[in-house]
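Written out below as structure tokens is the structure these notes cover.
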Amino acid sequence: MKVSITVNGKAVSGEIEGRTLLVQFLREGLGLTGTHVGCDTSQCGACVVHVNGKAVKSCTAFAADLEGAKITTIEGMNNADGSLGTVQQAFQDHHGLQCGFCTPGMVMSSAALLAENPKPSEDEIRHYLEGNICRCTGYHNIVKAVLAASGQDADQIAAE
Amino acid sequence: MHNFEFVKPSSVADAVAALKDEDALALSGGQTLMPTMKQRLAAPSKLVSLTGIAEMQGVRQSGGVLEIGAATPHAVVAREAAAVYPALAALAGGIGDPAVRNVGTIGGSLANNDPAACYPSAALASGATIVTNAREIAADDFFQGLFSTALEEGEIITAVRFPIPQKAAYAKFEQPASRFALTGAFVAKYAGGVRVAITGASEDGVFRWSEGEAALSSNFSPAALSGLSVSADGMMGDLHGTPAYRANLVKVMTQRAVAAAS
Amino acid sequence: MPKDSGIGASTKRREDVRFLSGKGVYTDDLNLRGQTYAVMVRSSVAHGKIVSIDTTAAEGMPGVVAVFTGEDFKDVGGNPAGWLINSRNGEPMREPKRPVLAHGKVRHVGDAYAAVIAETYQQAKDAAEQLAADTEIEELPAIVDMAAALADSSNRVHDEIPDNQCFDWGWIEDNRAAVDAAIKNAPHVTTLELVNNRLVPNAMEPRASIGEYFPGTGDYKLTTTSQNPHLTRLLIAAFVMGIPENKLTVVAPDVGGGFGSKIYHYGEEAVVLAAAKKLGRPVRWTAERSESFLSDAHGRDHVTKIELASDLEGNFIAFRTETLANVGAYLSNFSTATPTFLHGTLMAGPYKVPNVYVNVKTVFTNTAPVDAYRGAGRPEATYSLERVIDKMCRELNLDPFEVRRKNFITTDMFPYTTPVGLPYDTGDYHATLDKAMEIGDVAGFASRRAASAAKGKLRGMGLSTWIEACGIAPSHLVGVLGSRVGLYDAATVRVNATGNISVMVGAHSHGQGHETVFPQIVAEKLGVPESSVEIVHGDTSKIPFGMGSYGSRSLAVCGVAVTKAIDKIVAKGKKIAAHMLEASEEDISFADGKFSVAGTDKAKSFGEIAFSAYVPHNYPLETLEPGLEETAFYDPGNFTYPAGAYICEVEVDPETGKVEVCSFTCADDFGNVMNPMIVDGQVHGGVGQGIGQALLENTSYDENGQLLTGSYMDYAMPRASDVPFYKVDYSCQTPCTHNPLGVKGCGEAGAIGSPPAVVNAVIDALHSGGHTHVKHIDMPVSPSRVWSAING
Ligand SMILES: Cc1cc2nc3c(=O)[nH]c(=O)nc-3n(C[C@H](O)[C@H](O)[C@H](O)COP(=O)(O)OP(=O)(O)OC[C@H]3O[C@@H](n4cnc5c(N)ncnc54)[C@H](O)[C@@H]3O)c2cc1C
Ligand code: FES
Ligand code: FES
């Protein structure tokens, strides 16, 4: 069957099977390998993308179910000139990533959080990231990055 | 995952018709069904998506009843039920994580009846009515043990009606790995009495804690439960908690729910 | 003023830009023309005899291009153990062959006995399912419990090993009698039996490998998720497949975390290479997470009895431990070193205890192989020590801070050789303890405890003072200890004609930030901008050699190799400058990126020297070679010994047993620090994993050897909401005395020091609530375990 969706602002369509997962469509069909797969039980969040503006685990969505949807992946988060977007830049500034594998999902979840809640508290950030597992950072700098991306004084909040 | 035919009808009638095929299954948010299919524990020949059916979406209030379309995602319930039935909204807002809540639905959760799921306790404690394409089922009759419900083959939940309580709260103790309920207590106080439903604890799935209900119906306070003790018999035991531990949580979580509701 | 570039600056990581833009390239991201997909067929039973495998149906399925079974690899070599350990009686360890694919028997759930290669992943998966159905395995009783395994010689993981024991190791055997006597005569002995829980490393990127074969040249290429591509090449070449090293390239591109689990060579790597050769097409394999749970090497899994003999004031007299260490079904590459030389040699801690004896019996079981996981042996040692010291303090009613203080090795005692044989070069354990107490506000604890009590919570504080041996490792030492390899590292500094610099390093970055930190060092030493330095790593065809990244060794070993290569570059540069400036070499000095002639204003910039090296129009060729490229191998003279003090505060909810970590304070001594931002991150990550081990992570096999915690549904990974902001300090610095950077390594510290601090805090909380009958709770200290202990 065929599916037509918009990915990072570009209309795309492709032949898929019923079972084709959104993440497979992105990685294998479109070569957008920034979205990662870290588990097979829908828990790690490495695969989080935005579907019509909302965070969704692309490993737990069928491409066939998304006809007409607008998808944003990590590849769509940079500014038009290629520089890092606000959330991405905050992750770099605050060393919110190490191996980078959880990072695309973390950034997408964090961006979704900030869209819903522009000034989240530390606690709200930690809970919002419940479905994003990072093995490298101990989360400290991820939480700081999100605080900073929301314009708060991350260093001061972390020190309290 | 085995391959299957994918259809996305736009009405309940079409969905019911599509589900007549042998081995056809309803797909709602897919947050339970898809992991199951990845493990090849379910292998439907056809998936009938319910997410394109407008009449199965949304949160509406009429009189003392809150009706939620079965294909409404948890996140929508968390947002839109907040004013009318805050305890239910809070429960929905505590399921899984944001990405799961954006997609997973109340209908899928009730139909699946996972013994550690949250919604079944709300439905049971609220004395909700499960509306299907064919009939209306009282929550007391709907849940029939682990992963089993009163639904017939091919029958789909279209909506759930919750009588709005005077006071209610849900207290969830999370299983440390899955973050489902290791034990969760939903307490709802109505003019006719208090209902308490417990999820996560029993080998038989969600259940009403009748001693707790009786005690709270005469005195709606945590202290009313102090004298009660919950038997470990019939409680689940696993890596995450012994039966005795879960029995303890039944009481503690109910007390906390009452405190939060008061 | 903090520096903004060079050594000691918190330079932002350049690699982040690609990771944050979705432009990283991990193994599974590659897409090769003509590629095929491999799926492993894994045992669903823990122990069984393979009666028959009928491959015909699977071979006939759509898209299937090849099927391999253990039979196909029975004549190639086994995947070896890297360290030969001798038992107390002098016998060498028992070393069963670890085949590429199980042959004859399967020995753990997840043991791969066949592989199916097909045009698509789904086809391979379908055929693998078919093959499993067409395989007959006669199930044998599973051997899971270590003590039972040793006791029952009728049931054997490996038929040739009667008691399932790999070795029975004593350290130091000659001291045993003296230690026994010291304990016997001591005024007080504290005994503790504990379990160091088995962990699944869970790097977020599952393992993946791609094999390629180029028939025109006979060359092989393996792209794989490895922390040490050269070691993998060596193992495949020399032991497993016999491919000459110069015909095999191993590439580890971006790697999504390792924590030990990607040090080792795994059978899948050999399978994709063999299949690529047979098919003449690339063959790719990527683990599903459930496969990772079953087949990645796990960590820890010790059962230990530790005794601490002391006087009544808490002065340590002796430590004695008996440990059963699970190695699982097969020996993985470091699995014999981890419970021995990375563990037993640390059993003196940072303390001046005169008597220490360690006994370790390693046991084969029908479980996944166990090997080094972040910290590797040292967390096990630290946990045993710091828990038993805490217990002693309670028994003797002594202050745990004071007890540490009075037993610490003092600064005037270095170099100090412990009774378990390690020569500590330097340290200041009092300083880190004082620092931790200050930033952890130990003085204010009583009021925090009262505030918790007002909320119905029990607050506890736990301390752990840890030390490790890292910068792995001096070859002369590890050779004596049984290592079959040397543990030096190598680097090549290539100055290109236009002055920019490529540095080929043997260390591999899978999150540690080498691409940023190594240029900081190079730039500072050569006086060039960081942006002109690029790091090349992870490709055996491009780098001289390397033993990889683990054991906090990247900087302390490979980083030093880089500086040695730079020294050679400077020396060569001086020669060139002498020629260009018509001066004698001895008169040339190098500073701030300039070669100048002493006492004159004659100078050449680094760039001019580089250019000249490649445009040598008038070089005296007998004495001056063109080119500016130097390689250095560096083998450390000693381990490095980072140490520190960790303080954890928890709140326990007595009604549910839930433990919340309220604060975690680290005061470490890592010697000199190259990039503080990255050091912070390393400590955070390690502490996060340590809190995970202490409170959440449980790897549990049932009596049939089925893994009960085989997914994130049951294996509790630490999440953002499980941990606090950490307080991290490394201002107490006693630079390492034997490497020119003065660095000690910081990668494992957090994971080593933190678990006992957490558990000690929980016990403290329970005692404060009057639950003084609780002497110990095994990790993970889960709510159910805490509640059961309170109510037990
Ligand atoms: C990471 C993660 C964490 C989670 N945490 C929690 C948690 O804390 N608490 C909790 O309660 N749940 C949790 N869940 C489960 C989640 O709430 C699911 O969304 C829900 O249980 C199933 O809803 P769904 O819409 O996704 O159903 P699906 O997965 O689409 O379907 C589930 C089953 O119900 C059937 N079905 C679906 N809709 C209907 C219908 N309308 N009528 C009849 N049958 C139907 C399907 O055929 C299928 O058998 C979690 C899930 C994940 C992945
Ligand atoms: S890949 Fe783990 S949640 Fe999607
Ligand atoms: S940065 Fe490695 S898993 Fe998060």
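FYI, nothing fancy with the structure tokens labels: chains A, B, ... in order, residues from 1 per chain, ligands from 1 as they appear.
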
**OP:** Kindly work out which residues sit at most 12 Å from ligand 2, using only C-alpha atoms and all ligand atoms, and give the list as a VMD selection string.
**Re:** (chain A and resid 21 to 24 35 to 49 55 to 61 101 to 102 104 to 106 109 130 to 134) or (chain B and resid 31 34 to 35 38 96 to 100) or (chain C and resid 204 to 206 288 to 290 711 to 713)

Original post:
So which residues touch segment 174-185 of chain C within 12 Å, counting only C-alpha atoms, skipping near sequence neighbours fewer than 2 positions away, as a count of residues only?
Top reply: 34

Neighbouring residues of ligand 3 are defined here as those with any atom at most 6 Å from a ligand atom, counting only C-alpha atoms and all ligand atoms; list them as a PDB file with all heavy atoms, in the first residue's frame.
```pdb
ATOM      1  N   LEU A  97      24.394  15.370  26.488  1.00  0.00           N
ATOM      2  CA  LEU A  97      24.477  14.103  25.749  1.00  0.00           C
ATOM      3  C   LEU A  97      25.895  13.587  25.837  1.00  0.00           C
ATOM      4  O   LEU A  97      26.842  14.352  25.970  1.00  0.00           O
ATOM      5  CB  LEU A  97      24.084  14.294  24.279  1.00  0.00           C
ATOM      6  CG  LEU A  97      24.952  15.220  23.421  1.00  0.00           C
ATOM      7  CD1 LEU A  97      24.864  14.814  21.963  1.00  0.00           C
ATOM      8  CD2 LEU A  97      24.485  16.646  23.606  1.00  0.00           C
ATOM      9  N   GLN A  98      26.014  12.294  25.769  1.00  0.00           N
ATOM     10  CA  GLN A  98      27.347  11.683  25.713  1.00  0.00           C
ATOM     11  C   GLN A  98      27.449  10.839  24.447  1.00  0.00           C
ATOM     12  O   GLN A  98      27.978  11.279  23.444  1.00  0.00           O
ATOM     13  CB  GLN A  98      27.650  10.926  26.996  1.00  0.00           C
ATOM     14  CG  GLN A  98      27.836  11.915  28.182  1.00  0.00           C
ATOM     15  CD  GLN A  98      28.176  11.257  29.495  1.00  0.00           C
ATOM     16  OE1 GLN A  98      28.709  10.168  29.566  1.00  0.00           O
ATOM     17  NE2 GLN A  98      27.854  11.942  30.593  1.00  0.00           N
ATOM     18  N   CYS A  99      26.868   9.642  24.475  1.00  0.00           N
ATOM     19  CA  CYS A  99      27.000   8.803  23.269  1.00  0.00           C
ATOM     20  C   CYS A  99      26.084   9.270  22.160  1.00  0.00           C
ATOM     21  O   CYS A  99      26.244   8.884  21.007  1.00  0.00           O
ATOM     22  CB  CYS A  99      26.738   7.344  23.591  1.00  0.00           C
ATOM     23  SG  CYS A  99      24.993   6.915  23.755  1.00  0.00           S
ATOM     24  N   GLY A 100      25.075  10.036  22.502  1.00  0.00           N
ATOM     25  CA  GLY A 100      24.198  10.592  21.481  1.00  0.00           C
ATOM     26  C   GLY A 100      23.081   9.679  21.027  1.00  0.00           C
ATOM     27  O   GLY A 100      22.286  10.068  20.168  1.00  0.00           O
ATOM     28  N   PHE A 101      22.990   8.489  21.589  1.00  0.00           N
ATOM     29  CA  PHE A 101      22.005   7.560  21.039  1.00  0.00           C
ATOM     30  C   PHE A 101      20.580   7.866  21.503  1.00  0.00           C
ATOM     31  O   PHE A 101      19.634   7.807  20.725  1.00  0.00           O
ATOM     32  CB  PHE A 101      22.370   6.109  21.390  1.00  0.00           C
ATOM     33  CG  PHE A 101      21.657   5.122  20.506  1.00  0.00           C
ATOM     34  CD1 PHE A 101      22.116   4.875  19.218  1.00  0.00           C
ATOM     35  CD2 PHE A 101      20.513   4.466  20.940  1.00  0.00           C
ATOM     36  CE1 PHE A 101      21.442   3.993  18.373  1.00  0.00           C
ATOM     37  CE2 PHE A 101      19.841   3.586  20.105  1.00  0.00           C
ATOM     38  CZ  PHE A 101      20.310   3.344  18.819  1.00  0.00           C
ATOM     39  N   CYS A 102      20.443   8.251  22.756  1.00  0.00           N
ATOM     40  CA  CYS A 102      19.114   8.609  23.254  1.00  0.00           C
ATOM     41  C   CYS A 102      18.728  10.014  22.818  1.00  0.00           C
ATOM     42  O   CYS A 102      17.583  10.435  22.968  1.00  0.00           O
ATOM     43  CB  CYS A 102      19.079   8.549  24.779  1.00  0.00           C
ATOM     44  SG  CYS A 102      19.992   9.908  25.555  1.00  0.00           S
ATOM     45  N   THR A 103      19.733  10.749  22.358  1.00  0.00           N
ATOM     46  CA  THR A 103      19.611  12.193  22.190  1.00  0.00           C
ATOM     47  C   THR A 103      18.476  12.658  21.272  1.00  0.00           C
ATOM     48  O   THR A 103      17.728  13.573  21.638  1.00  0.00           O
ATOM     49  CB  THR A 103      20.969  12.766  21.731  1.00  0.00           C
ATOM     50  OG1 THR A 103      21.966  12.316  22.654  1.00  0.00           O
ATOM     51  CG2 THR A 103      20.956  14.269  21.664  1.00  0.00           C
ATOM     52  N   CYS A 134      18.133   7.302  29.275  1.00  0.00           N
ATOM     53  CA  CYS A 134      19.512   7.620  28.923  1.00  0.00           C
ATOM     54  C   CYS A 134      20.407   6.828  29.852  1.00  0.00           C
ATOM     55  O   CYS A 134      20.221   6.859  31.059  1.00  0.00           O
ATOM     56  CB  CYS A 134      19.800   9.111  29.094  1.00  0.00           C
ATOM     57  SG  CYS A 134      21.535   9.513  28.791  1.00  0.00           S
ATOM     58  N   ARG A 135      21.382   6.123  29.289  1.00  0.00           N
ATOM     59  CA  ARG A 135      22.279   5.344  30.135  1.00  0.00           C
ATOM     60  C   ARG A 135      23.557   6.113  30.463  1.00  0.00           C
ATOM     61  O   ARG A 135      24.319   5.693  31.317  1.00  0.00           O
ATOM     62  CB  ARG A 135      22.614   4.041  29.400  1.00  0.00           C
ATOM     63  CG  ARG A 135      23.308   2.977  30.242  1.00  0.00           C
ATOM     64  CD  ARG A 135      22.558   2.658  31.523  1.00  0.00           C
ATOM     65  NE  ARG A 135      22.713   1.273  31.927  1.00  0.00           N
ATOM     66  CZ  ARG A 135      22.290   0.813  33.108  1.00  0.00           C
ATOM     67  NH1 ARG A 135      21.698   1.617  33.973  1.00  0.00           N
ATOM     68  NH2 ARG A 135      22.424  -0.453  33.414  1.00  0.00           N
ATOM     69  N   CYS A 136      23.815   7.195  29.737  1.00  0.00           N
ATOM     70  CA  CYS A 136      25.126   7.846  29.857  1.00  0.00           C
ATOM     71  C   CYS A 136      25.177   8.988  30.860  1.00  0.00           C
ATOM     72  O   CYS A 136      26.165   9.155  31.561  1.00  0.00           O
ATOM     73  CB  CYS A 136      25.559   8.428  28.520  1.00  0.00           C
ATOM     74  SG  CYS A 136      25.845   7.221  27.223  1.00  0.00           S
ATOM     75  N   THR A 137      24.178   9.821  30.878  1.00  0.00           N
ATOM     76  CA  THR A 137      24.343  11.132  31.505  1.00  0.00           C
ATOM     77  C   THR A 137      23.886  11.214  32.955  1.00  0.00           C
ATOM     78  O   THR A 137      24.095  12.247  33.590  1.00  0.00           O
ATOM     79  CB  THR A 137      23.516  12.195  30.757  1.00  0.00           C
ATOM     80  OG1 THR A 137      22.136  11.822  30.864  1.00  0.00           O
ATOM     81  CG2 THR A 137      23.898  12.289  29.302  1.00  0.00           C
TER      82      THR A 137
ATOM     83  N   MET C 204      22.419   2.169  25.302  1.00  0.00           N
ATOM     84  CA  MET C 204      21.137   2.379  24.621  1.00  0.00           C
ATOM     85  C   MET C 204      21.172   1.928  23.154  1.00  0.00           C
ATOM     86  O   MET C 204      20.151   1.604  22.580  1.00  0.00           O
ATOM     87  CB  MET C 204      20.684   3.843  24.728  1.00  0.00           C
ATOM     88  CG  MET C 204      20.251   4.247  26.130  1.00  0.00           C
ATOM     89  SD  MET C 204      19.274   3.015  27.032  1.00  0.00           S
ATOM     90  CE  MET C 204      17.816   2.923  26.010  1.00  0.00           C
ATOM     91  N   GLY C 256      26.844   3.860  20.453  1.00  0.00           N
ATOM     92  CA  GLY C 256      25.907   4.410  21.431  1.00  0.00           C
ATOM     93  C   GLY C 256      26.061   3.838  22.813  1.00  0.00           C
ATOM     94  O   GLY C 256      25.171   3.197  23.342  1.00  0.00           O
ATOM     95  N   GLY C 257      27.205   4.095  23.409  1.00  0.00           N
ATOM     96  CA  GLY C 257      27.441   3.630  24.779  1.00  0.00           C
ATOM     97  C   GLY C 257      27.990   2.219  24.783  1.00  0.00           C
ATOM     98  O   GLY C 257      27.751   1.433  23.865  1.00  0.00           O
TER      99      GLY C 257
END
```

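Between atom CA of Val283 of chain C and atom CA of Tyr121 of chain C there is a distance of 10.8 Å.
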
**OP:** Once DSSP has gone over the backbone, tell me which residues of segment 52-151 of chain A are in alpha helix (DSSP H), as a PyMOL selection string.
**Re:** chain A and resi 86-93+103-116+122-128+140-149

Write out as a PDB file with C-alpha atoms, in the first residue's frame each polymer residue (protein, DNA or RNA) that has an atom no more than 6 Å from ligand 1, with only C-alpha atoms and all ligand atoms counted.
```pdb
ATOM      1  CA  SER A  42       8.021   0.833  23.510  1.00  0.00           C
ATOM      2  CA  GLN A  43       9.832   2.081  26.564  1.00  0.00           C
TER       3      GLN A  43
ATOM      4  CA  LEU B  25      -8.242  -7.257  15.503  1.00  0.00           C
ATOM      5  CA  ALA B  26      -9.099  -3.739  16.496  1.00  0.00           C
ATOM      6  CA  LEU B  27      -6.193  -1.322  16.705  1.00  0.00           C
ATOM      7  CA  SER B  28      -6.591   1.752  18.804  1.00  0.00           C
ATOM      8  CA  GLY B  29      -3.470   3.500  20.114  1.00  0.00           C
ATOM      9  CA  GLY B  30      -1.434   0.365  19.532  1.00  0.00           C
ATOM     10  CA  GLN B  31       0.603   1.015  22.670  1.00  0.00           C
ATOM     11  CA  THR B  32      -0.169  -2.455  23.906  1.00  0.00           C
ATOM     12  CA  LEU B  33      -0.991  -4.319  20.740  1.00  0.00           C
ATOM     13  CA  ALA B  70     -13.221   4.994  23.418  1.00  0.00           C
ATOM     14  CA  ILE B  95      -0.296   6.634  32.575  1.00  0.00           C
ATOM     15  CA  GLY B  96       3.036   5.720  31.029  1.00  0.00           C
ATOM     16  CA  VAL B 100       2.224   6.855  25.274  1.00  0.00           C
ATOM     17  CA  GLY B 104      -2.861   5.199  23.920  1.00  0.00           C
ATOM     18  CA  THR B 105      -6.609   5.228  24.456  1.00  0.00           C
ATOM     19  CA  GLY B 107     -10.916   1.936  25.007  1.00  0.00           C
ATOM     20  CA  GLY B 108      -7.723   0.020  24.338  1.00  0.00           C
ATOM     21  CA  SER B 109      -6.828   0.071  27.984  1.00  0.00           C
ATOM     22  CA  ALA B 111     -10.442  -3.847  26.396  1.00  0.00           C
ATOM     23  CA  ASN B 112      -6.979  -5.082  27.248  1.00  0.00           C
ATOM     24  CA  ALA B 117      -3.404  -0.952  34.144  1.00  0.00           C
ATOM     25  CA  CYS B 118      -4.808   2.218  35.641  1.00  0.00           C
ATOM     26  CA  TYR B 119      -8.119   2.854  33.853  1.00  0.00           C
ATOM     27  CA  ILE B 156     -15.837  -2.802  20.135  1.00  0.00           C
ATOM     28  CA  ILE B 157     -16.033  -0.310  22.930  1.00  0.00           C
ATOM     29  CA  THR B 158     -17.251   2.981  21.569  1.00  0.00           C
ATOM     30  CA  ARG B 179       5.891   2.144  35.761  1.00  0.00           C
ATOM     31  CA  PHE B 180       2.489   0.501  35.484  1.00  0.00           C
TER      32      PHE B 180
END
```

Original post:
Could you pull the residues within 8 Å of Gly211 of chain C, counting only C-alpha atoms, minus those fewer than 5 positions along the same chain, as a ChimeraX atom specification?
Top reply: /C:220-223,269,272-276,282-284

Selection file, N, CA, C and O atoms, as a PDB file, in the first residue's frame:
```
ATOM      1  N   TYR C 220      38.504  -8.405   4.195  1.00  0.00           N
ATOM      2  CA  TYR C 220      37.258  -8.386   4.971  1.00  0.00           C
ATOM      3  C   TYR C 220      37.125  -7.035   5.674  1.00  0.00           C
ATOM      4  O   TYR C 220      38.124  -6.429   6.057  1.00  0.00           O
ATOM      5  N   LYS C 221      35.874  -6.663   5.898  1.00  0.00           N
ATOM      6  CA  LYS C 221      35.633  -5.482   6.719  1.00  0.00           C
ATOM      7  C   LYS C 221      34.487  -5.773   7.684  1.00  0.00           C
ATOM      8  O   LYS C 221      33.437  -6.279   7.274  1.00  0.00           O
ATOM      9  N   LEU C 222      34.729  -5.441   8.921  1.00  0.00           N
ATOM     10  CA  LEU C 222      33.688  -5.607   9.936  1.00  0.00           C
ATOM     11  C   LEU C 222      33.381  -4.234  10.523  1.00  0.00           C
ATOM     12  O   LEU C 222      34.266  -3.567  11.056  1.00  0.00           O
ATOM     13  N   THR C 223      32.143  -3.812  10.386  1.00  0.00           N
ATOM     14  CA  THR C 223      31.711  -2.585  11.047  1.00  0.00           C
ATOM     15  C   THR C 223      30.902  -3.033  12.251  1.00  0.00           C
ATOM     16  O   THR C 223      29.955  -3.807  12.105  1.00  0.00           O
ATOM     17  N   GLU C 269      29.795 -11.333  15.314  1.00  0.00           N
ATOM     18  CA  GLU C 269      30.772 -10.660  14.450  1.00  0.00           C
ATOM     19  C   GLU C 269      31.429 -11.661  13.496  1.00  0.00           C
ATOM     20  O   GLU C 269      31.684 -11.352  12.319  1.00  0.00           O
ATOM     21  N   VAL C 272      28.730 -12.723  10.710  1.00  0.00           N
ATOM     22  CA  VAL C 272      28.499 -11.831   9.562  1.00  0.00           C
ATOM     23  C   VAL C 272      29.700 -11.821   8.620  1.00  0.00           C
ATOM     24  O   VAL C 272      29.532 -11.666   7.403  1.00  0.00           O
ATOM     25  N   LEU C 273      30.896 -12.020   9.167  1.00  0.00           N
ATOM     26  CA  LEU C 273      32.068 -12.074   8.278  1.00  0.00           C
ATOM     27  C   LEU C 273      32.051 -13.347   7.445  1.00  0.00           C
ATOM     28  O   LEU C 273      32.275 -13.324   6.225  1.00  0.00           O
ATOM     29  N   ALA C 274      31.785 -14.461   8.089  1.00  0.00           N
ATOM     30  CA  ALA C 274      31.766 -15.728   7.355  1.00  0.00           C
ATOM     31  C   ALA C 274      30.661 -15.711   6.302  1.00  0.00           C
ATOM     32  O   ALA C 274      30.851 -16.168   5.165  1.00  0.00           O
ATOM     33  N   ALA C 275      29.520 -15.155   6.688  1.00  0.00           N
ATOM     34  CA  ALA C 275      28.390 -15.131   5.746  1.00  0.00           C
ATOM     35  C   ALA C 275      28.690 -14.188   4.585  1.00  0.00           C
ATOM     36  O   ALA C 275      28.360 -14.471   3.431  1.00  0.00           O
ATOM     37  N   ALA C 276      29.344 -13.053   4.864  1.00  0.00           N
ATOM     38  CA  ALA C 276      29.671 -12.116   3.794  1.00  0.00           C
ATOM     39  C   ALA C 276      30.607 -12.772   2.786  1.00  0.00           C
ATOM     40  O   ALA C 276      30.486 -12.590   1.575  1.00  0.00           O
ATOM     41  N   PRO C 282      27.272  -7.841   1.536  1.00  0.00           N
ATOM     42  CA  PRO C 282      27.295  -7.410   2.937  1.00  0.00           C
ATOM     43  C   PRO C 282      26.197  -8.121   3.741  1.00  0.00           C
ATOM     44  O   PRO C 282      25.093  -8.336   3.231  1.00  0.00           O
ATOM     45  N   VAL C 283      26.542  -8.443   4.978  1.00  0.00           N
ATOM     46  CA  VAL C 283      25.580  -9.118   5.851  1.00  0.00           C
ATOM     47  C   VAL C 283      25.476  -8.302   7.132  1.00  0.00           C
ATOM     48  O   VAL C 283      26.494  -8.026   7.779  1.00  0.00           O
ATOM     49  N   ARG C 284      24.268  -7.897   7.475  1.00  0.00           N
ATOM     50  CA  ARG C 284      24.118  -7.045   8.653  1.00  0.00           C
ATOM     51  C   ARG C 284      23.272  -7.725   9.713  1.00  0.00           C
ATOM     52  O   ARG C 284      22.351  -8.481   9.417  1.00  0.00           O
TER      53      ARG C 284
END
```

Contacts of chain B with chain C up to 12 Å, shortest pair per row, only C-alpha atoms, as a tab-separated table:
```
residue	atom	partner	partner_atom	distance
B:Met1	CA	C:Gln122	CA	7.6
B:His2	CA	C:Gln122	CA	8.1
B:Asn3	CA	C:Gln122	CA	9.2
B:Pro35	CA	C:Met713	CA	11.2
B:Lys38	CA	C:Glu288	CA	10.4
B:Gln39	CA	C:Ser290	CA	9.4
B:Arg40	CA	C:Glu129	CA	10.0
B:Gly96	CA	C:Met713	CA	11.4
B:Asp97	CA	C:Arg719	CA	11.4
B:Ala116	CA	C:Met713	CA	11.6
B:Lys172	CA	C:Thr656	CA	11.4
B:Phe173	CA	C:Thr656	CA	8.5
B:Glu174	CA	C:Lys658	CA	10.1
B:Gln175	CA	C:Asp714	CA	8.5
B:Pro176	CA	C:Ala716	CA	5.6
B:Ala177	CA	C:Ala716	CA	3.6
B:Ser178	CA	C:Met713	CA	4.2
B:Arg179	CA	C:Met713	CA	8.0
B:Phe180	CA	C:Met713	CA	8.8
B:Ala181	CA	C:Met713	CA	11.7
B:Leu182	CA	C:Ser784	CA	10.3
B:Thr183	CA	C:Thr656	CA	10.7
B:Gly237	CA	C:Ser784	CA	10.5
B:Asp238	CA	C:Leu708	CA	9.6
B:Leu239	CA	C:Ser700	CA	8.2
B:His240	CA	C:Ser784	CA	6.5
B:Gly241	CA	C:Ser784	CA	5.0
B:Thr242	CA	C:Ser784	CA	7.0
B:Pro243	CA	C:Ser784	CA	9.9
B:Ala244	CA	C:Ser788	CA	8.5
B:Tyr245	CA	C:Ser784	CA	6.1
B:Arg246	CA	C:Ser784	CA	8.5
B:Ala247	CA	C:Thr656	CA	10.9
B:Asn248	CA	C:Thr656	CA	7.9
B:Leu249	CA	C:Thr656	CA	6.7
B:Val250	CA	C:Thr656	CA	10.4
B:Lys251	CA	C:Glu655	CA	9.8
B:Val252	CA	C:Glu655	CA	6.9
B:Met253	CA	C:Thr656	CA	8.9
B:Gln255	CA	C:Glu655	CA	10.9
B:Arg256	CA	C:Glu655	CA	10.7
```

Subject >> Atom pair atom CA of Ala69 of chain A / atom CA of Lys20 of chain B: separation (Å) >> reply: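 Separation between atom CA of Ala69 of chain A and atom CA of Lys20 of chain B: 28.4 Å.
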
Subject >> All strand (DSSP E or B) positions in segment 508-558 of chain C, as number ranges by chain >> reply: C: 533-537, 539

Original post:
From the set B:Val76, B:Ala188, B:Leu19, B:Ala260, which residue has the shortest atom-to-atom contact distance to chain A, counting only C-alpha atoms?
Top reply: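 Among the listed residues, B:Val76 lies closest to chain A.
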
Subject >> Nearby residues (only C-alpha atoms) at most 6 Å from segment 616-632 of chain C, same-chain spacing under 5 positions excluded, as a list of chain:residue names >> reply: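 What passes the distance filter is C:Ala490, C:Ala491, C:Thr492, C:Val493, C:Arg494, C:Val495, C:Ala561, C:Lys564, C:Ala565.
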
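Counting only C-alpha atoms and comparing A:Pro120, A:Gly9, A:Gly53, A:Gly151, the residue that lies closest to chain B is A:Gly53.
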
**OP:** Compile the contact shell of Gly127 of chain B as a PyMOL selection string: residues with an atom at most 7 Å away, counting only C-alpha atoms, same-chain residues fewer than 2 positions apart removed.
**Re:** chain B and resi 123-125+129+138-140
